[in-house]
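Printed here is entry_37.cif (mmCIF, C-alpha atoms and all ligand atoms):
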data_my_file
loop_
_atom_site.label_atom_id
_atom_site.label_comp_id
_atom_site.auth_asym_id
_atom_site.auth_seq_id
_atom_site.Cartn_x
_atom_site.Cartn_y
_atom_site.Cartn_z
CA MET A 600 -63.91 -7.92 -17.50
CA ILE A 601 -66.58 -9.46 -19.70
CA ASP A 602 -67.85 -12.81 -18.48
CA TYR A 603 -68.37 -14.59 -21.79
CA ASN A 604 -69.96 -17.62 -20.11
CA LYS A 605 -72.63 -15.32 -18.70
CA ILE A 606 -73.28 -13.89 -22.16
CA VAL A 607 -73.75 -17.36 -23.61
CA LYS A 608 -76.03 -18.41 -20.77
CA GLU A 609 -78.16 -15.28 -20.57
CA TYR A 610 -78.13 -13.93 -24.10
CA GLY A 611 -77.22 -16.84 -26.35
CA THR A 612 -75.28 -16.96 -29.58
CA PRO A 613 -74.48 -15.66 -32.08
CA SER A 614 -74.00 -12.30 -30.41
CA TYR A 615 -71.77 -9.28 -30.42
CA VAL A 616 -70.57 -7.70 -27.23
CA TYR A 617 -68.95 -4.27 -27.20
CA ASP A 618 -66.97 -3.22 -24.16
CA THR A 619 -67.40 0.52 -23.79
CA ASP A 620 -64.62 0.82 -21.18
CA VAL A 621 -62.19 -0.70 -23.66
CA LEU A 622 -63.55 1.66 -26.32
CA LEU A 623 -63.03 4.79 -24.25
CA LYS A 624 -59.59 3.69 -23.15
CA ARG A 625 -58.70 3.10 -26.77
CA VAL A 626 -59.69 6.64 -27.76
CA GLU A 627 -57.70 8.04 -24.84
CA TYR A 628 -54.70 6.01 -25.96
CA LEU A 629 -54.95 7.37 -29.52
CA LYS A 630 -55.35 10.93 -28.24
CA GLN A 631 -52.45 10.58 -25.90
CA ARG A 632 -50.19 9.17 -28.61
CA LEU A 633 -51.21 11.66 -31.28
CA GLY A 634 -51.43 14.67 -29.00
CA SER A 635 -54.23 17.04 -28.16
CA LYS A 636 -53.54 19.11 -31.28
CA TYR A 637 -55.26 16.54 -33.44
CA ASP A 638 -59.02 16.14 -33.21
CA LEU A 639 -60.60 12.77 -33.83
CA VAL A 640 -63.61 12.26 -36.08
CA TYR A 641 -65.37 8.93 -35.61
CA ALA A 642 -66.50 7.31 -38.86
CA VAL A 643 -69.91 6.02 -37.77
CA LYS A 644 -69.94 3.36 -40.49
CA ALA A 645 -67.50 1.29 -38.44
CA ASN A 646 -70.06 0.63 -35.71
CA THR A 647 -73.21 2.58 -34.98
CA PHE A 648 -73.93 0.90 -31.65
CA ILE A 649 -71.04 2.59 -29.85
CA ALA A 650 -71.42 6.07 -31.35
CA LYS A 651 -73.18 7.67 -28.39
CA HIS A 652 -70.48 6.49 -26.01
CA LEU A 653 -67.92 8.40 -28.03
CA GLU A 654 -69.72 11.73 -27.87
CA ASN A 655 -67.49 13.27 -25.22
CA SER A 656 -64.30 11.74 -26.60
CA VAL A 657 -64.31 12.69 -30.27
CA SER A 658 -64.78 16.09 -31.80
CA ARG A 659 -67.00 14.96 -34.67
CA PHE A 660 -68.92 12.12 -36.28
CA GLU A 661 -68.56 11.35 -39.95
CA ILE A 662 -72.04 10.48 -41.23
CA CYS A 663 -72.26 9.02 -44.73
CA SER A 664 -75.91 8.15 -45.37
CA PRO A 665 -79.47 9.14 -44.47
CA GLY A 666 -79.59 6.04 -42.25
CA GLU A 667 -76.45 7.03 -40.36
CA TYR A 668 -77.87 10.53 -39.93
CA GLU A 669 -81.13 9.12 -38.59
CA ILE A 670 -79.23 6.99 -36.08
CA CYS A 671 -77.06 9.88 -34.88
CA ASP A 672 -80.02 12.23 -34.70
CA LYS A 673 -82.05 9.72 -32.67
CA LEU A 674 -79.04 9.33 -30.40
CA ASN A 675 -79.12 13.10 -29.89
CA ILE A 676 -75.59 13.49 -31.13
CA ASN A 677 -74.77 17.20 -30.99
CA PRO A 678 -75.38 18.52 -34.55
CA GLU A 679 -72.29 20.70 -34.25
CA LYS A 680 -70.37 17.46 -34.14
CA MET A 681 -71.87 16.10 -37.37
CA VAL A 682 -69.99 16.02 -40.66
CA ILE A 683 -72.46 15.01 -43.35
CA SER A 684 -70.40 13.07 -45.83
CA GLY A 685 -70.84 10.52 -48.60
CA VAL A 686 -71.04 10.44 -52.40
CA TYR A 687 -74.82 10.65 -52.61
CA LYS A 688 -76.42 13.43 -50.64
CA ASP A 689 -80.09 13.52 -51.58
CA GLU A 690 -82.04 16.74 -51.44
CA GLU A 691 -84.71 15.50 -49.07
CA THR A 692 -82.18 14.35 -46.46
CA ILE A 693 -80.07 17.51 -46.63
CA GLU A 694 -83.16 19.71 -46.49
CA ASN A 695 -84.35 17.80 -43.45
CA ILE A 696 -80.95 18.19 -41.78
CA ILE A 697 -80.96 21.94 -42.44
CA LYS A 698 -84.53 22.23 -41.13
CA ASN A 699 -83.55 20.32 -37.98
CA HIS A 700 -80.18 21.88 -37.27
CA GLY A 701 -79.70 24.99 -39.42
CA SER A 702 -76.07 25.64 -40.15
CA LEU A 703 -74.67 23.58 -37.28
CA PRO A 704 -73.47 20.45 -39.10
CA LYS A 705 -70.58 20.54 -41.54
CA TYR A 706 -70.73 18.97 -45.00
CA THR A 707 -68.16 17.44 -47.26
CA ILE A 708 -68.47 18.20 -50.96
CA GLU A 709 -67.96 15.18 -53.17
CA SER A 710 -68.87 16.80 -56.49
CA ILE A 711 -69.79 20.13 -58.02
CA ASN A 712 -73.41 18.92 -58.09
CA GLN A 713 -73.23 18.50 -54.33
CA TYR A 714 -71.92 22.06 -54.00
CA ASN A 715 -74.85 23.30 -56.07
CA LEU A 716 -77.31 21.35 -53.94
CA LEU A 717 -75.87 22.72 -50.70
CA LEU A 718 -75.89 26.25 -52.12
CA LYS A 719 -79.49 25.94 -53.30
CA LEU A 720 -80.64 24.75 -49.87
CA SER A 721 -78.59 27.24 -47.89
CA GLN A 722 -80.13 30.02 -49.99
CA LYS A 723 -83.61 28.58 -49.53
CA TYR A 724 -83.20 28.47 -45.73
CA ASN A 725 -81.07 31.60 -45.55
CA CYS A 726 -78.24 29.99 -43.67
CA CYS A 727 -74.53 29.64 -44.22
CA LEU A 728 -73.16 26.10 -44.47
CA HIS A 729 -69.66 25.07 -43.47
CA VAL A 730 -68.10 22.72 -46.00
CA LEU A 731 -65.00 20.68 -46.68
CA PRO A 732 -64.56 19.85 -50.36
CA ARG A 733 -63.19 16.33 -50.67
CA LEU A 734 -60.14 15.90 -52.83
CA THR A 735 -60.06 12.73 -54.86
CA SER A 736 -57.39 10.12 -54.18
CA GLY A 737 -57.88 8.36 -57.50
CA ASN A 738 -61.35 6.83 -57.35
CA GLN A 739 -65.02 7.81 -57.46
CA PHE A 740 -64.68 9.89 -54.31
CA GLY A 741 -64.00 13.59 -54.25
CA ILE A 742 -63.11 16.17 -56.86
CA ASN A 743 -59.99 16.97 -58.87
CA GLU A 744 -57.50 19.61 -57.87
CA ASP A 745 -58.59 21.86 -60.76
CA GLU A 746 -62.23 21.59 -59.65
CA LEU A 747 -61.18 22.45 -56.12
CA PHE A 748 -59.35 25.54 -57.37
CA GLU A 749 -62.36 26.51 -59.45
CA LEU A 750 -64.71 25.99 -56.52
CA ILE A 751 -62.61 28.19 -54.26
CA ASN A 752 -62.69 30.87 -56.96
CA ILE A 753 -66.41 30.87 -57.51
CA TYR A 754 -68.14 29.74 -54.33
CA ASN A 755 -70.87 31.94 -52.92
CA LYS A 756 -69.44 33.44 -49.75
CA ASP A 757 -72.82 34.58 -48.47
CA PHE A 758 -74.10 31.04 -48.11
CA ILE A 759 -71.10 28.73 -48.06
CA ILE A 760 -67.98 28.77 -45.91
CA ILE A 761 -65.15 26.56 -47.10
CA ASP A 762 -63.30 25.64 -43.90
CA GLY A 763 -60.73 23.44 -45.55
CA ILE A 764 -60.42 20.16 -47.40
CA GLU A 765 -61.09 16.50 -46.74
CA TYR A 766 -58.86 13.71 -47.97
CA PHE A 767 -59.27 9.98 -47.40
CA SER A 768 -57.38 7.44 -49.42
CA GLY A 769 -58.24 4.06 -47.95
CA THR A 770 -58.17 1.84 -44.93
CA GLN A 771 -55.48 -0.33 -43.28
CA LYS A 772 -52.57 1.91 -44.19
CA HIS A 773 -49.57 0.19 -42.67
CA SER A 774 -46.99 2.24 -44.48
CA LEU A 775 -45.64 5.35 -42.77
CA LYS A 776 -43.98 6.21 -46.07
CA ARG A 777 -47.35 6.31 -47.76
CA LEU A 778 -48.88 8.38 -44.97
CA GLU A 779 -45.97 10.81 -45.22
CA LYS A 780 -46.38 11.07 -48.98
CA GLU A 781 -50.06 11.92 -48.54
CA ILE A 782 -49.39 14.52 -45.85
CA ASP A 783 -46.61 16.08 -47.97
CA TYR A 784 -49.02 16.24 -50.89
CA LEU A 785 -51.65 18.00 -48.77
CA ILE A 786 -49.10 20.47 -47.41
CA GLU A 787 -47.92 21.27 -50.92
CA LEU A 788 -51.42 21.57 -52.31
CA THR A 789 -52.75 23.80 -49.52
CA ALA A 790 -49.67 26.04 -49.86
CA LYS A 791 -50.40 26.34 -53.59
CA ILE A 792 -54.05 27.19 -52.93
CA GLU A 793 -53.08 29.82 -50.39
CA LYS A 794 -50.49 31.39 -52.66
CA GLU A 795 -52.37 31.29 -55.93
CA LEU A 796 -55.88 31.95 -54.68
CA ASN A 797 -55.09 34.02 -51.63
CA PHE A 798 -57.44 31.72 -49.70
CA GLU A 799 -56.66 30.31 -46.29
CA VAL A 800 -57.23 26.57 -45.94
CA LYS A 801 -57.93 26.53 -42.23
CA GLU A 802 -58.54 22.85 -41.85
CA ILE A 803 -57.47 19.50 -43.21
CA GLU A 804 -59.70 16.54 -42.41
CA PHE A 805 -57.49 13.56 -43.08
CA GLY A 806 -58.79 10.02 -43.28
CA THR A 807 -55.90 8.24 -41.74
CA GLY A 808 -56.97 4.67 -42.36
CA LEU A 809 -54.90 3.67 -39.33
CA PRO A 810 -54.27 -0.06 -39.36
CA VAL A 811 -55.55 -2.79 -37.08
CA TYR A 812 -53.68 -6.07 -36.83
CA TYR A 813 -56.25 -8.82 -36.56
CA TYR A 814 -54.38 -12.06 -36.93
CA GLN A 815 -52.22 -14.28 -34.82
CA GLY A 816 -48.53 -14.05 -35.61
CA GLU A 817 -48.74 -10.42 -36.75
CA GLU A 818 -46.71 -7.98 -34.77
CA PHE A 819 -47.43 -4.30 -34.60
CA ALA A 820 -45.38 -1.85 -32.58
CA GLU A 821 -48.25 0.60 -32.36
CA ASP A 822 -46.63 3.03 -29.91
CA GLU A 823 -43.73 3.57 -32.29
CA PHE A 824 -46.01 3.67 -35.34
CA LEU A 825 -48.17 6.40 -33.83
CA GLU A 826 -45.14 8.31 -32.62
CA SER A 827 -43.75 8.37 -36.16
CA PHE A 828 -47.15 9.26 -37.57
CA LYS A 829 -47.35 12.20 -35.17
CA VAL A 830 -43.97 13.44 -36.42
CA ILE A 831 -45.42 13.31 -39.95
CA LEU A 832 -48.58 15.16 -38.91
CA ASP A 833 -46.51 17.79 -37.14
CA LYS A 834 -45.19 18.84 -40.54
CA ILE A 835 -48.58 20.53 -41.08
CA LYS A 836 -48.29 24.02 -39.66
CA ASN A 837 -50.95 26.52 -38.66
CA LYS A 838 -53.94 24.41 -39.56
CA LYS A 839 -56.61 22.56 -37.67
CA VAL A 840 -56.10 18.89 -38.43
CA THR A 841 -58.88 16.39 -37.85
CA LEU A 842 -58.37 12.68 -38.25
CA GLU A 843 -61.23 10.52 -39.52
CA ILE A 844 -60.94 7.12 -37.91
CA GLY A 845 -63.27 4.15 -37.77
CA ARG A 846 -61.44 0.86 -37.55
CA SER A 847 -58.64 1.87 -35.21
CA ILE A 848 -61.08 3.37 -32.70
CA ALA A 849 -63.71 0.63 -32.77
CA ALA A 850 -62.08 -2.72 -33.51
CA SER A 851 -60.63 -3.65 -30.15
CA CYS A 852 -63.82 -3.16 -28.12
CA GLY A 853 -65.79 -5.91 -29.84
CA SER A 854 -66.15 -9.66 -29.49
CA TYR A 855 -68.36 -12.03 -31.45
CA LEU A 856 -69.62 -15.22 -29.84
CA THR A 857 -70.61 -18.15 -31.98
CA LYS A 858 -71.37 -21.74 -31.04
CA VAL A 859 -70.40 -25.09 -32.53
CA VAL A 860 -73.71 -26.56 -33.74
CA ASP A 861 -72.56 -29.48 -35.89
CA MET A 862 -69.40 -31.39 -36.66
CA LYS A 863 -68.42 -33.87 -39.31
CA THR A 864 -65.43 -35.45 -40.93
CA ASN A 865 -65.62 -36.15 -44.62
CA LYS A 866 -62.87 -37.12 -47.01
CA TYR A 867 -61.87 -33.44 -47.28
CA GLY A 868 -61.32 -32.78 -43.60
CA ASN A 869 -62.84 -31.98 -40.22
CA PHE A 870 -65.67 -29.51 -40.62
CA VAL A 871 -67.24 -27.64 -37.76
CA ILE A 872 -70.48 -25.76 -38.37
CA MET A 873 -71.00 -22.66 -36.27
CA ASP A 874 -74.27 -20.82 -35.64
CA GLY A 875 -72.70 -17.62 -37.01
CA GLY A 876 -70.69 -17.01 -40.14
CA ILE A 877 -69.24 -14.51 -42.56
CA ASN A 878 -72.64 -12.79 -42.59
CA HIS A 879 -71.74 -11.47 -39.12
CA LEU A 880 -67.98 -11.53 -38.97
CA VAL A 881 -65.81 -9.37 -41.17
CA TYR A 882 -62.06 -9.37 -40.69
CA TYR A 883 -60.20 -7.16 -43.14
CA GLY A 884 -57.87 -9.25 -45.27
CA GLN A 885 -59.51 -12.55 -44.40
CA THR A 886 -60.17 -14.65 -47.49
CA MET A 887 -61.66 -18.11 -47.15
CA GLY A 888 -60.58 -18.24 -43.52
CA MET A 889 -56.88 -18.49 -44.38
CA LYS A 890 -55.75 -16.43 -41.38
CA ILE A 891 -56.27 -17.13 -37.71
CA PRO A 892 -57.76 -14.23 -35.76
CA HIS A 893 -57.36 -13.81 -32.02
CA TYR A 894 -59.99 -15.88 -30.27
CA GLU A 895 -60.90 -17.59 -27.03
CA LEU A 896 -62.42 -21.06 -26.85
CA LEU A 897 -64.99 -21.85 -24.15
CA PRO A 898 -65.07 -23.74 -21.93
CA HIS A 899 -61.39 -23.43 -21.13
CA LYS A 900 -60.05 -26.95 -20.76
CA ASP A 901 -57.12 -29.11 -21.71
CA ASP A 902 -57.51 -31.79 -24.33
CA VAL A 903 -55.57 -33.21 -27.22
CA ASN A 904 -55.28 -30.92 -30.21
CA GLU A 905 -57.09 -31.42 -33.48
CA THR A 906 -57.24 -29.43 -36.69
CA TYR A 907 -60.57 -28.12 -37.98
CA ASN A 908 -62.22 -25.96 -40.58
CA LEU A 909 -64.65 -23.59 -38.88
CA CYS A 910 -67.58 -22.89 -41.18
CA GLY A 911 -70.62 -20.67 -40.80
CA SER A 912 -74.24 -21.52 -41.52
CA LEU A 913 -74.55 -20.01 -44.98
CA CYS A 914 -75.10 -21.98 -48.18
CA THR A 915 -71.86 -20.90 -49.78
CA ILE A 916 -68.46 -22.54 -49.93
CA ASN A 917 -67.03 -19.15 -48.96
CA ASP A 918 -68.42 -19.34 -45.46
CA PHE A 919 -65.20 -20.16 -43.67
CA LEU A 920 -64.50 -18.41 -40.41
CA VAL A 921 -61.13 -20.10 -40.08
CA LYS A 922 -59.51 -22.87 -42.07
CA ASN A 923 -57.08 -25.34 -40.54
CA ILE A 924 -57.27 -24.10 -37.00
CA THR A 925 -55.52 -26.28 -34.45
CA CYS A 926 -57.13 -26.17 -31.03
CA ARG A 927 -58.27 -28.53 -28.31
CA LYS A 928 -60.70 -31.21 -29.38
CA LEU A 929 -64.07 -29.57 -30.05
CA LYS A 930 -67.56 -30.61 -29.03
CA ILE A 931 -71.00 -29.40 -30.01
CA ASP A 932 -71.94 -26.33 -27.88
CA ASP A 933 -68.35 -25.14 -27.54
CA ILE A 934 -68.10 -21.40 -28.00
CA PHE A 935 -65.63 -19.40 -30.03
CA VAL A 936 -65.20 -15.79 -28.94
CA PHE A 937 -63.63 -13.91 -31.82
CA LYS A 938 -61.83 -10.74 -30.77
CA ASN A 939 -61.32 -7.32 -32.36
CA VAL A 940 -64.66 -7.33 -34.14
CA GLY A 941 -65.81 -3.87 -32.98
CA ALA A 942 -65.34 -2.32 -36.43
CA TYR A 943 -67.31 -3.22 -39.52
CA SER A 944 -68.52 -6.70 -38.50
CA SER A 945 -72.00 -5.62 -37.50
CA THR A 946 -72.23 -3.02 -40.26
CA GLU A 947 -70.52 -4.67 -43.22
CA GLY A 948 -71.56 -8.31 -43.06
CA ILE A 949 -73.72 -9.80 -45.81
CA SER A 950 -76.48 -9.91 -43.26
CA LEU A 951 -79.46 -10.66 -45.48
CA PHE A 952 -78.02 -13.70 -47.22
CA LEU A 953 -79.99 -16.84 -46.36
CA SER A 954 -82.43 -14.83 -44.23
CA ARG A 955 -80.64 -15.78 -41.05
CA ASP A 956 -81.29 -13.72 -37.92
CA LEU A 957 -79.02 -10.83 -37.03
CA PRO A 958 -77.17 -11.40 -33.77
CA LYS A 959 -78.06 -9.75 -30.51
CA VAL A 960 -75.89 -6.76 -29.66
CA ILE A 961 -74.84 -6.33 -26.06
CA LEU A 962 -73.01 -3.40 -24.54
CA TYR A 963 -70.82 -4.04 -21.53
CA GLU A 964 -70.56 -0.89 -19.47
CA TYR A 965 -69.87 -0.15 -15.82
CA SER A 966 -69.59 -3.90 -15.23
CA SER A 967 -73.09 -4.64 -16.45
CA TYR A 968 -74.67 -5.88 -19.65
CA LYS A 969 -77.28 -4.13 -21.73
CA VAL A 970 -78.97 -5.56 -24.82
CA VAL A 971 -79.06 -2.69 -27.33
CA ARG A 972 -80.46 -4.77 -30.19
CA GLU A 973 -82.43 -7.94 -29.84
CA LYS A 974 -81.93 -10.78 -32.27
CA PHE A 975 -83.48 -9.49 -35.52
CA LYS A 976 -85.37 -11.60 -38.05
CA THR A 977 -84.18 -10.85 -41.58
CA SER A 978 -86.76 -13.20 -43.12
CA ASN A 979 -89.23 -10.30 -42.78
CA LEU A 980 -86.94 -8.15 -44.91
CA ASN A 981 -86.58 -10.80 -47.60
CA PHE A 982 -90.32 -11.48 -47.71
CA PRO A 983 -92.27 -10.31 -50.77
CA ASN A 984 -95.22 -8.34 -49.39
CA ASN A 985 -98.45 -7.93 -51.39
CA ILE A 986 -98.11 -10.99 -53.57
C1 LIG B 1001 -64.34 8.99 -45.90
C2 LIG B 1001 -63.96 7.98 -44.88
N1 LIG B 1001 -63.39 8.39 -43.73
C3 LIG B 1001 -63.02 7.52 -42.77
C4 LIG B 1001 -63.19 6.17 -42.93
C5 LIG B 1001 -62.76 5.24 -41.84
O1 LIG B 1001 -61.70 4.46 -42.23
P1 LIG B 1001 -61.02 3.46 -41.18
O2 LIG B 1001 -62.10 2.60 -40.67
O3 LIG B 1001 -60.00 2.76 -41.96
O4 LIG B 1001 -60.43 4.31 -40.08
C6 LIG B 1001 -63.76 5.68 -44.12
C7 LIG B 1001 -63.93 4.24 -44.34
O5 LIG B 1001 -64.37 3.76 -45.35
C8 LIG B 1001 -64.16 6.62 -45.12
O6 LIG B 1001 -64.74 6.21 -46.27
#
Translate the structure described by the file into structure tokens.
Ligand SMILES: Cc1ncc(COP(=O)(O)O)c(C=O)c1O
Amino acid sequence: MIDYNKIVKEYGTPSYVYDTDVLLKRVEYLKQRLGSKYDLVYAVKANTFIAKHLENSVSRFEICSPGEYEICDKLNINPEKMVISGVYKDEETIENIIKNHGSLPKYTIESINQYNLLLKLSQKYNCCLHVLPRLTSGNQFGINEDELFELINIYNKDFIIIDGIEYFSGTQKHSLKRLEKEIDYLIELTAKIEKELNFEVKEIEFGTGLPVYYYQGEEFAEDEFLESFKVILDKIKNKKVTLEIGRSIAASCGSYLTKVVDMKTNKYGNFVIMDGGINHLVYYGQTMGMKIPHYELLPHKDDVNETYNLCGSLCTINDFLVKNITCRKLKIDDIFVFKNVGAYSSTEGISLFLSRDLPKVILYEYSSYKVVREKFKTSNLNFPNNI
């Protein structure tokens, strides 16, 4: 188990710590609940620091930017496990990927322009690329059904192989009804494609958007939820089904440690200033700190309770980690360990605001600690060179 006191003493705050044992157990749990028939694709955007640890547990990595590709390539992620995704695929990056890995990675197709780019490059390098056209779910992502039909009619079979389709319609999907509606839609659509175009859709890559419950007082019967979701997935017959998951894989392995650095009471309440803030901590659904996430307060001790507003160190009135939290009386140097921050906190925070340093990132594996990113100065990034 992670010794948070040791982290504070040896590595300081603010810092993230990701427990890779918890991560791998989490993936095993999902696989066990959903069954071996369904392959997992890890959406790297959720947390890049843990990607390598997932290599033997997931069947693919969803990579959505040149930066994510660079990270996965440097980590020596098997190119056969890469799905190059994202709305903007620039020529230079795709050309570089083809030069490095030939036809091993798979690509999603977000637009007809992207199809044309992939075709041009596969012809140039005389290779055949595996693709998954992405079907839109009502936003800027993906293509319409009629474009999909058209694409299947006209695609160049010498250089492109359409393995199936990709569909992702959003994160934090709590509703089994909604998931069922989406799966029914995909079953109906693929049946129509197969009948009308005489084309076999071998694979559906489905972005599940499985939910994570972050806040105290929320109850989630996850075993039952996943069991029902599996029943829904089982409606898809004779197809490879891959599930793109970020949040539900990564969230539980992460903790974020931040220290009380100042305290004051003004006529609007008790305010506690932490050395972290919303630049580092992203909880889905948290607005102005109205909800109370799961946390641990160090040192553990008994004292009378008080109510506080926990604020970060940014110059914005939005920088509330938690409002109206009732806990034991706080002191400067007390530590809050926020839980379930393994997904999106380190990748989605407004990290450059105020030029504050990025936290250290520590991996906890095999009962030891490894710093995988030192504290990082963002003032260098916000500095105007050559003035
Ligand atoms: C295409 C795609 N797939 C998968 C995911 C991961 O979603 P989640 O973290 O909800 O599992 C995202 C998240 O934005 C996405 O855009």
Give me, as a CSV table (one decimal) with C-alpha atoms, in the frame of the given file, the set of residues whose atoms come within 9 Å of any atom of ligand LIG 1001 (chain B), counting only C-alpha atoms and all ligand atoms.
chain,number,residue,atom,x,y,z
A,640,VAL,CA,-63.6,12.3,-36.1
A,641,TYR,CA,-65.4,8.9,-35.6
A,642,ALA,CA,-66.5,7.3,-38.9
A,643,VAL,CA,-69.9,6.0,-37.8
A,644,LYS,CA,-69.9,3.4,-40.5
A,645,ALA,CA,-67.5,1.3,-38.4
A,661,GLU,CA,-68.6,11.4,-40.0
A,663,CYS,CA,-72.3,9.0,-44.7
A,684,SER,CA,-70.4,13.1,-45.8
A,685,GLY,CA,-70.8,10.5,-48.6
A,733,ARG,CA,-63.2,16.3,-50.7
A,740,PHE,CA,-64.7,9.9,-54.3
A,765,GLU,CA,-61.1,16.5,-46.7
A,766,TYR,CA,-58.9,13.7,-48.0
A,767,PHE,CA,-59.3,10.0,-47.4
A,768,SER,CA,-57.4,7.4,-49.4
A,769,GLY,CA,-58.2,4.1,-48.0
A,770,THR,CA,-58.2,1.8,-44.9
A,771,GLN,CA,-55.5,-0.3,-43.3
A,772,LYS,CA,-52.6,1.9,-44.2
A,805,PHE,CA,-57.5,13.6,-43.1
A,806,GLY,CA,-58.8,10.0,-43.3
A,807,THR,CA,-55.9,8.2,-41.7
A,808,GLY,CA,-57.0,4.7,-42.4
A,809,LEU,CA,-54.9,3.7,-39.3
A,810,PRO,CA,-54.3,-0.1,-39.4
A,811,VAL,CA,-55.6,-2.8,-37.1
A,842,LEU,CA,-58.4,12.7,-38.2
A,843,GLU,CA,-61.2,10.5,-39.5
A,844,ILE,CA,-60.9,7.1,-37.9
A,845,GLY,CA,-63.3,4.2,-37.8
A,846,ARG,CA,-61.4,0.9,-37.6
A,847,SER,CA,-58.6,1.9,-35.2
A,848,ILE,CA,-61.1,3.4,-32.7
A,849,ALA,CA,-63.7,0.6,-32.8
A,850,ALA,CA,-62.1,-2.7,-33.5
A,942,ALA,CA,-65.3,-2.3,-36.4
A,943,TYR,CA,-67.3,-3.2,-39.5
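One finds CA of Cys914 (chain A) at 20.3 Å from CA of Ser614 (chain A).
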Give me the residues within 12 Å of Asn904 (chain A) as a PDB file with C-alpha atoms, keeping the file's coordinate frame, counting only C-alpha atoms and dropping any in the same chain fewer than 3 places off.
ATOM      1  CA  LYS A 900     -60.050 -26.950 -20.760  1.00  0.00           C
ATOM      2  CA  ASP A 901     -57.120 -29.110 -21.710  1.00  0.00           C
ATOM      3  CA  TYR A 907     -60.570 -28.120 -37.980  1.00  0.00           C
ATOM      4  CA  ASN A 923     -57.080 -25.340 -40.540  1.00  0.00           C
ATOM      5  CA  ILE A 924     -57.270 -24.100 -37.000  1.00  0.00           C
ATOM      6  CA  THR A 925     -55.520 -26.280 -34.450  1.00  0.00           C
ATOM      7  CA  CYS A 926     -57.130 -26.170 -31.030  1.00  0.00           C
ATOM      8  CA  ARG A 927     -58.270 -28.530 -28.310  1.00  0.00           C
ATOM      9  CA  LYS A 928     -60.700 -31.210 -29.380  1.00  0.00           C
ATOM     10  CA  LEU A 929     -64.070 -29.570 -30.050  1.00  0.00           C
TER      11      LEU A 929
END
Polymer residues at most 12 Å from (-74.2, -17.7, -21.4) by all atoms listed in the file, as a PyMOL selection string: chain A and resi 601-614+856-858+897-898+932-934+936+968
Write the residues of the selection above to a file with C-alpha atoms, as a compact mmCIF listing (two decimals), in the coordinates of the input.
# COMPACT_ATOMS: atom_id res chain seq x y z
CA ILE A 601 -66.58 -9.46 -19.70
CA ASP A 602 -67.85 -12.81 -18.48
CA TYR A 603 -68.37 -14.59 -21.79
CA ASN A 604 -69.96 -17.62 -20.11
CA LYS A 605 -72.63 -15.32 -18.70
CA ILE A 606 -73.28 -13.89 -22.16
CA VAL A 607 -73.75 -17.36 -23.61
CA LYS A 608 -76.03 -18.41 -20.77
CA GLU A 609 -78.16 -15.28 -20.57
CA TYR A 610 -78.13 -13.93 -24.10
CA GLY A 611 -77.22 -16.84 -26.35
CA THR A 612 -75.28 -16.96 -29.58
CA PRO A 613 -74.48 -15.66 -32.08
CA SER A 614 -74.00 -12.30 -30.41
CA LEU A 856 -69.62 -15.22 -29.84
CA THR A 857 -70.61 -18.15 -31.98
CA LYS A 858 -71.37 -21.74 -31.04
CA LEU A 897 -64.99 -21.85 -24.15
CA PRO A 898 -65.07 -23.74 -21.93
CA ASP A 932 -71.94 -26.33 -27.88
CA ASP A 933 -68.35 -25.14 -27.54
CA ILE A 934 -68.10 -21.40 -28.00
CA VAL A 936 -65.20 -15.79 -28.94
CA TYR A 968 -74.67 -5.88 -19.65
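Taking CA of Phe824 (chain A) and CA of Glu627 (chain A) as the two end points, the separation is 16.3 Å.
Atom to atom, CA of Ile697 (chain A) and CA of Asn646 (chain A) stand 24.9 Å apart.
With distances taken over all atoms listed in the file, A:Leu825 is the one residue among A:Leu788, A:Val686, A:Ala650, A:Leu825 lying closest to Lys630 (chain A).
By chain and then residue number, the residues within 7 Å of Leu622 (chain A) are Asp618, Val626, Ala849 and Cys852 of chain A, counting all atoms listed in the file and disregarding those fewer than 4 positions away in sequence.
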Using all atoms listed in the file, which residues sit within 8 Å of His879 (chain A) once same-chain residues fewer than 3 positions away are excluded, as a ChimeraX atom specification? /A:875-876,944-945,948-950,957-958
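Summary of the local environment: counting only C-alpha atoms, residues at most 8 Å from Gly853 (chain A), other than itself and those fewer than 6 positions away along its chain, are Tyr615, Val616, Tyr617, Asp618, Lys938, Asn939, Val940, Gly941 and Ala942 of chain A.
Restricting the calculation to only C-alpha atoms, the smallest distance between Glu654 (chain A) and any of A:Lys922, A:Lys673, A:Lys680, A:His773 is found for A:Lys680.
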List as a PyMOL selection string the protein and nucleic acid residues near Lys651 (chain A), meaning an atom at most 9 Å away when all atoms listed in the file are counted, but skip any in the same chain fewer than 5 places from it. chain A and resi 671+674-676
For those residues, write C-alpha atoms to a file as a PDB file, in the frame of the given file.
ATOM      1  CA  CYS A 671     -77.060   9.880 -34.880  1.00  0.00           C
ATOM      2  CA  LEU A 674     -79.040   9.330 -30.400  1.00  0.00           C
ATOM      3  CA  ASN A 675     -79.120  13.100 -29.890  1.00  0.00           C
ATOM      4  CA  ILE A 676     -75.590  13.490 -31.130  1.00  0.00           C
TER       5      ILE A 676
END
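Ranking A:Tyr883, A:Asn979, A:Asp689, A:Ile764 by their shortest atom-to-atom distance to Ser954 (chain A), with all atoms listed in the file included, puts A:Asn979 first.
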Restricting to all atoms listed in the file, whichever of A:Ser966, A:Glu690, A:Asp956, A:Lys834 is closest to Leu980 (chain A) is A:Asp956
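Minimum distance to Leu717 (chain A) across A:Ser736, A:Asn755, A:Thr946, A:Asn869 (counting all atoms listed in the file) occurs at A:Asn755.
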